[in-house]
>>> print(open('work.txt').read())   # compact mmCIF, C-alpha atoms and all ligand atoms
# COMPACT_ATOMS: atom_id res chain seq x y z
CA MET A 1 157.97 123.80 95.60
CA ILE A 2 155.66 126.19 93.79
CA THR A 3 152.10 126.29 95.15
CA MET A 4 149.08 128.43 94.18
CA LYS A 5 150.14 131.24 96.57
CA ASP A 6 153.19 131.80 94.32
CA ILE A 7 151.04 132.33 91.23
CA ILE A 8 149.92 135.94 90.73
CA LEU A 9 146.32 136.62 89.72
CA GLU A 10 144.75 138.92 87.13
CA GLY A 11 144.97 142.53 88.31
CA HIS A 12 148.67 142.10 89.19
CA PRO A 13 150.58 144.47 86.83
CA THR A 14 153.29 141.89 85.97
CA LEU A 15 150.67 139.84 84.06
CA ARG A 16 150.19 142.74 81.66
CA LYS A 17 153.91 143.45 81.06
CA LYS A 18 156.02 142.32 78.10
CA ALA A 19 158.56 139.96 79.70
CA ASP A 20 162.31 140.62 79.39
CA LYS A 21 164.49 138.43 77.18
CA VAL A 22 166.40 135.76 79.11
CA ASP A 23 170.22 136.11 78.92
CA LEU A 24 171.67 132.85 77.57
CA PRO A 25 173.25 130.55 78.61
CA ALA A 26 170.90 130.82 81.59
CA SER A 27 172.13 131.67 85.08
CA PRO A 28 171.81 129.10 87.90
CA GLU A 29 168.84 131.08 89.25
CA VAL A 30 166.97 130.94 85.92
CA ARG A 31 167.77 127.22 85.62
CA GLN A 32 166.33 126.66 89.12
CA LEU A 33 163.18 128.64 88.19
CA ALA A 34 162.76 126.50 85.06
CA LYS A 35 163.12 123.35 87.16
CA ASP A 36 160.57 124.62 89.70
CA MET A 37 158.11 125.43 86.88
CA GLN A 38 158.43 121.95 85.39
CA GLU A 39 158.04 120.38 88.83
CA PHE A 40 154.87 122.43 89.40
CA LEU A 41 153.29 121.07 86.23
CA VAL A 42 154.14 117.48 87.23
CA ASN A 43 152.75 118.03 90.75
CA SER A 44 149.63 119.79 89.46
CA GLN A 45 148.82 116.78 87.26
CA ASP A 46 149.36 114.24 90.08
CA GLU A 47 145.99 113.69 91.73
CA LYS A 48 147.44 112.96 95.20
CA ILE A 49 150.00 115.80 95.25
CA ALA A 50 147.55 118.28 93.70
CA GLU A 51 144.93 117.38 96.29
CA LYS A 52 147.42 117.53 99.17
CA TYR A 53 148.73 121.00 98.23
CA GLY A 54 145.58 122.40 96.62
CA LEU A 55 147.17 122.77 93.19
CA ARG A 56 145.13 123.62 90.07
CA ALA A 57 146.14 121.41 87.14
CA GLY A 58 147.93 123.00 84.24
CA VAL A 59 149.80 121.89 81.12
CA GLY A 60 151.71 125.15 80.88
CA ILE A 61 153.05 127.90 83.13
CA ALA A 62 154.93 131.11 82.24
CA ALA A 63 157.52 132.89 84.42
CA PRO A 64 155.47 136.12 84.64
CA GLN A 65 152.78 134.09 86.46
CA LEU A 66 155.36 133.73 89.25
CA ASN A 67 156.04 137.48 89.16
CA GLU A 68 159.30 136.87 87.25
CA SER A 69 159.03 139.02 84.12
CA LEU A 70 161.21 136.69 82.01
CA ALA A 71 160.44 135.29 78.54
CA MET A 72 160.35 131.64 79.59
CA THR A 73 157.59 129.04 79.79
CA ALA A 74 157.34 125.37 80.80
CA VAL A 75 154.96 122.98 79.04
CA LEU A 76 153.96 119.44 80.02
CA ILE A 77 151.16 117.88 77.97
CA PRO A 78 150.67 114.25 79.07
CA GLY A 79 150.24 111.42 76.58
CA PHE A 80 146.80 109.92 76.07
CA GLU A 81 147.29 106.78 78.16
CA GLU A 82 148.94 106.32 81.55
CA GLY A 83 152.58 105.50 80.92
CA ASP A 84 152.67 107.06 77.44
CA GLU A 85 155.47 109.57 76.93
CA PRO A 86 154.21 113.21 77.05
CA GLU A 87 152.67 114.75 73.93
CA LEU A 88 154.87 117.83 74.57
CA GLU A 89 157.34 118.53 77.36
CA GLY A 90 159.94 121.27 77.62
CA ILE A 91 161.22 124.67 78.58
CA PHE A 92 160.79 127.33 75.89
CA VAL A 93 163.12 130.32 76.35
CA ASN A 94 162.66 133.57 74.37
CA PRO A 95 160.04 131.91 72.13
CA ARG A 96 158.89 133.77 69.01
CA ILE A 97 156.11 132.75 66.61
CA LEU A 98 157.73 133.12 63.16
CA SER A 99 154.66 132.28 61.10
CA HIS A 100 151.14 130.89 61.57
CA SER A 101 148.18 129.50 59.64
CA VAL A 102 145.19 131.64 58.72
CA GLU A 103 143.03 128.76 59.94
CA GLU A 104 142.18 128.99 63.63
CA VAL A 105 141.12 126.43 66.24
CA CYS A 106 139.41 126.73 69.61
CA LEU A 107 139.16 124.31 72.52
CA ARG A 108 135.53 123.15 72.57
CA GLU A 109 135.25 123.90 76.33
CA GLY A 110 137.10 127.20 76.26
CA GLU A 111 140.33 127.84 78.15
CA GLY A 112 141.40 128.05 81.77
CA CYS A 113 144.42 129.84 83.27
CA LEU A 114 146.24 129.41 86.57
CA SER A 115 146.21 133.21 86.99
CA VAL A 116 142.44 133.52 86.41
CA ASP A 117 140.53 131.86 89.22
CA ARG A 118 137.11 132.23 87.64
CA ASP A 119 135.37 130.71 84.65
CA VAL A 120 135.46 132.96 81.58
CA PRO A 121 133.23 131.23 79.01
CA GLY A 122 133.79 131.44 75.29
CA TYR A 123 135.86 130.17 72.39
CA VAL A 124 139.50 131.34 72.33
CA PRO A 125 140.51 131.43 68.63
CA ARG A 126 144.16 130.53 68.07
CA SER A 127 146.26 129.74 64.97
CA ALA A 128 145.79 126.08 64.05
CA ARG A 129 149.47 125.71 63.08
CA ILE A 130 152.49 127.76 64.20
CA LYS A 131 156.24 127.85 63.49
CA VAL A 132 158.14 128.81 66.66
CA ARG A 133 161.77 129.79 67.20
CA TYR A 134 162.92 129.25 70.78
CA TYR A 135 166.03 128.48 72.82
CA ASP A 136 166.92 126.00 75.55
CA LEU A 137 168.64 127.04 78.79
CA ASP A 138 172.08 126.51 77.20
CA GLY A 139 171.25 128.90 74.37
CA ASN A 140 170.75 126.29 71.63
CA GLU A 141 168.25 127.55 69.02
CA TYR A 142 165.30 125.50 67.76
CA VAL A 143 162.72 126.20 65.05
CA LYS A 144 159.78 123.81 65.23
CA ARG A 145 156.20 123.58 63.94
CA PHE A 146 153.26 122.77 66.22
CA LYS A 147 149.58 122.03 65.56
CA GLY A 148 146.51 121.00 67.56
CA TYR A 149 146.53 121.09 71.36
CA PRO A 150 150.30 121.72 71.67
CA ALA A 151 149.94 124.76 69.38
CA ILE A 152 147.06 126.09 71.53
CA VAL A 153 148.98 125.62 74.78
CA LEU A 154 152.14 127.25 73.39
CA GLN A 155 150.15 130.26 72.13
CA HIS A 156 148.43 130.59 75.54
CA GLU A 157 151.83 130.58 77.29
CA ILE A 158 153.61 132.85 74.77
CA ASP A 159 150.69 135.28 75.22
CA HIS A 160 151.65 135.47 78.93
CA LEU A 161 155.13 136.65 77.87
CA ASN A 162 153.43 139.51 75.98
CA GLY A 163 151.00 140.47 78.76
CA ILE A 164 148.01 138.87 77.00
CA LEU A 165 145.37 136.75 78.80
CA PHE A 166 143.20 134.13 77.07
CA TYR A 167 139.94 136.06 77.47
CA ASP A 168 141.42 138.99 75.48
CA HIS A 169 140.70 136.79 72.44
CA ILE A 170 137.06 135.92 73.28
CA ASN A 171 134.39 137.58 71.08
CA GLU A 172 132.54 139.72 73.64
CA LYS A 173 129.27 139.93 71.73
CA GLU A 174 129.08 136.24 70.76
CA PRO A 175 131.59 134.28 72.91
CA TRP A 176 130.50 130.92 71.42
CA SER A 177 130.46 131.99 67.77
CA LEU A 178 132.89 130.76 65.12
CA ASP A 179 133.49 132.30 61.73
CA ASP A 180 134.33 130.32 58.61
CA HIS A 181 138.07 129.96 59.25
CA GLN A 182 137.65 128.86 62.85
CA TYR A 183 137.21 125.22 63.93
CA LEU A 184 136.71 123.34 67.20
CA LEU A 185 139.40 121.05 68.59
CA GLY A 186 138.61 117.92 70.58
C1 LIG B 1 136.87 127.01 80.96
N1 LIG B 1 136.97 125.64 80.50
C2 LIG B 1 138.12 124.95 80.70
O1 LIG B 1 139.12 125.45 81.17
C3 LIG B 1 138.11 123.56 80.22
C4 LIG B 1 137.10 122.69 80.65
C5 LIG B 1 137.12 121.36 80.20
C6 LIG B 1 138.13 120.89 79.35
C7 LIG B 1 139.14 121.77 78.91
C8 LIG B 1 140.18 121.26 77.94
C9 LIG B 1 139.14 123.11 79.34
N2 LIG B 1 140.16 124.00 78.98
C10 LIG B 1 141.45 123.86 79.45
N3 LIG B 1 141.76 122.76 80.18
C11 LIG B 1 143.07 122.64 80.56
N4 LIG B 1 143.44 121.54 81.28
C12 LIG B 1 142.59 120.37 81.26
C13 LIG B 1 142.77 119.52 82.48
N5 LIG B 1 144.20 119.22 82.69
C14 LIG B 1 144.49 118.21 83.67
C15 LIG B 1 143.63 118.02 84.77
C16 LIG B 1 143.93 117.04 85.72
C17 LIG B 1 145.07 116.24 85.61
C18 LIG B 1 145.93 116.42 84.51
C19 LIG B 1 145.62 117.40 83.55
CL1 LIG B 1 146.69 117.60 82.19
C20 LIG B 1 145.04 120.41 82.80
C21 LIG B 1 144.85 121.30 81.61
N6 LIG B 1 144.01 123.58 80.30
C22 LIG B 1 143.61 124.64 79.56
N7 LIG B 1 144.56 125.53 79.22
C23 LIG B 1 144.32 126.56 78.20
S1 LIG B 1 145.83 126.56 77.23
C24 LIG B 1 146.80 126.30 78.71
C25 LIG B 1 145.96 125.27 79.50
C26 LIG B 1 146.27 125.31 81.00
O2 LIG B 1 147.21 124.69 81.44
N8 LIG B 1 145.44 126.05 81.77
C27 LIG B 1 145.70 126.10 83.18
N9 LIG B 1 142.34 124.84 79.14
NI NI B 2 147.55 131.02 81.62
>>> encode(input="work.txt", output="structure tokens", more="lines below")
Ligand SMILES: CNC(=O)c1cccc(C)c1Nc1nc(N2CCN(c3ccccc3Cl)CC2)nc(N2CSC[C@H]2C(=O)NC)n1
Ligand code: NI
Amino acid sequence: MITMKDIILEGHPTLRKKADKVDLPASPEVRQLAKDMQEFLVNSQDEKIAEKYGLRAGVGIAAPQLNESLAMTAVLIPGFEEGDEPELEGIFVNPRILSHSVEEVCLREGEGCLSVDRDVPGYVPRSARIKVRYYDLDGNEYVKRFKGYPAIVLQHEIDHLNGILFYDHINEKEPWSLDDHQYLLG
């Protein structure tokens, strides 16, 4: 199982690389990596398992964070109530943002990242709505639109595939400022 020692931290060069495209249909190794990434997210969100193994909770993880420079990310955003089906769950292979809104949203509390083990305060402006083309492990193509928290999480994870970290987007001079096309979420 993946634990925090497997997740590389800022300063590691792989986090700043553009990840390679995944050959599809995916090899058994890539399928196993995808499975391990999904399992990590489930474990990280389970209070008992997270506590037992010292896992930081996440709703997304990208292969480069495991020092695998591959364009693949796993997302698991739980539903609002216990027992609800997830708000978003899946493996996104070779994702590409095809178009996005001018309007931007920020998480009210800022963002955290499994590869950044410090607090970096400030709003992280992201497109409020995105249209994403991606593939599944068998090579089937999908084009879907996302908004709200799922859109934020997907942009955070797709950034990892392009060597971008969340704090690259924070306004250095006024980290908690918003201009007139930026809104708070949540
Ligand atoms: C500095 N202030 C903050 O971080 C911050 C502070 C407060 C609130 C938010 C909302 C913040 N922001 C933030 N909180 C999250 N989690 C909230 C808790 N949750 C979780 C925790 C426990 C069980 C199950 C779950 Cl689900 C896991 C996810 N996740 C992200 N990000 C940024 S996009 C990718 C995503 C990610 O997975 N990061 C590791 N940001
Ligand atoms: Ni991250």
>>> atom_distance(input="work.txt", atom1="CA of Tyr135 (chain A)", atom2="CA of Leu70 (chain A)")
13.2 Å
>>> residues_around(input="work.txt", residues="region 156-167 of chain A", least_positions_apart="2", cutoff="6 Å", atoms="all atoms listed in the file", output="PyMOL selection string")
chain A and resi 15-19+62+71+153-154+169-170
>>> residues_near_ligand(input="work.txt", ligand="ligand NI 2 (chain B)", cutoff="6 Å", atoms="all atoms listed in the file", output="number ranges by chain")
A: 113-115
>>> residues_around(input="work.txt", residues="Glu103 (chain A)", least_positions_apart="6", cutoff="10 Å", atoms="only C-alpha atoms", output="PyMOL selection string")
chain A and resi 125-129+180-183
>>> residues_near_ligand(input="work.txt", ligand="ligand LIG 1 (chain B)", cutoff="6 Å", atoms="all atoms listed in the file", output="ChimeraX atom specification")
/A:45,57-60,109-114,119,121,152-153,156
>>> residues_around(input="work.txt", residues="Leu33 (chain A)", least_positions_apart="5", cutoff="9 Å", atoms="all atoms listed in the file", output="JSON, numbers by chain")
{"A": [28, 38, 63]}
>>> closest_residue(input="work.txt", among="A:Glu51, A:Glu85, A:Asp138, A:Glu39", to="Leu24 (chain A)", atoms="all atoms listed in the file")
A:Asp138
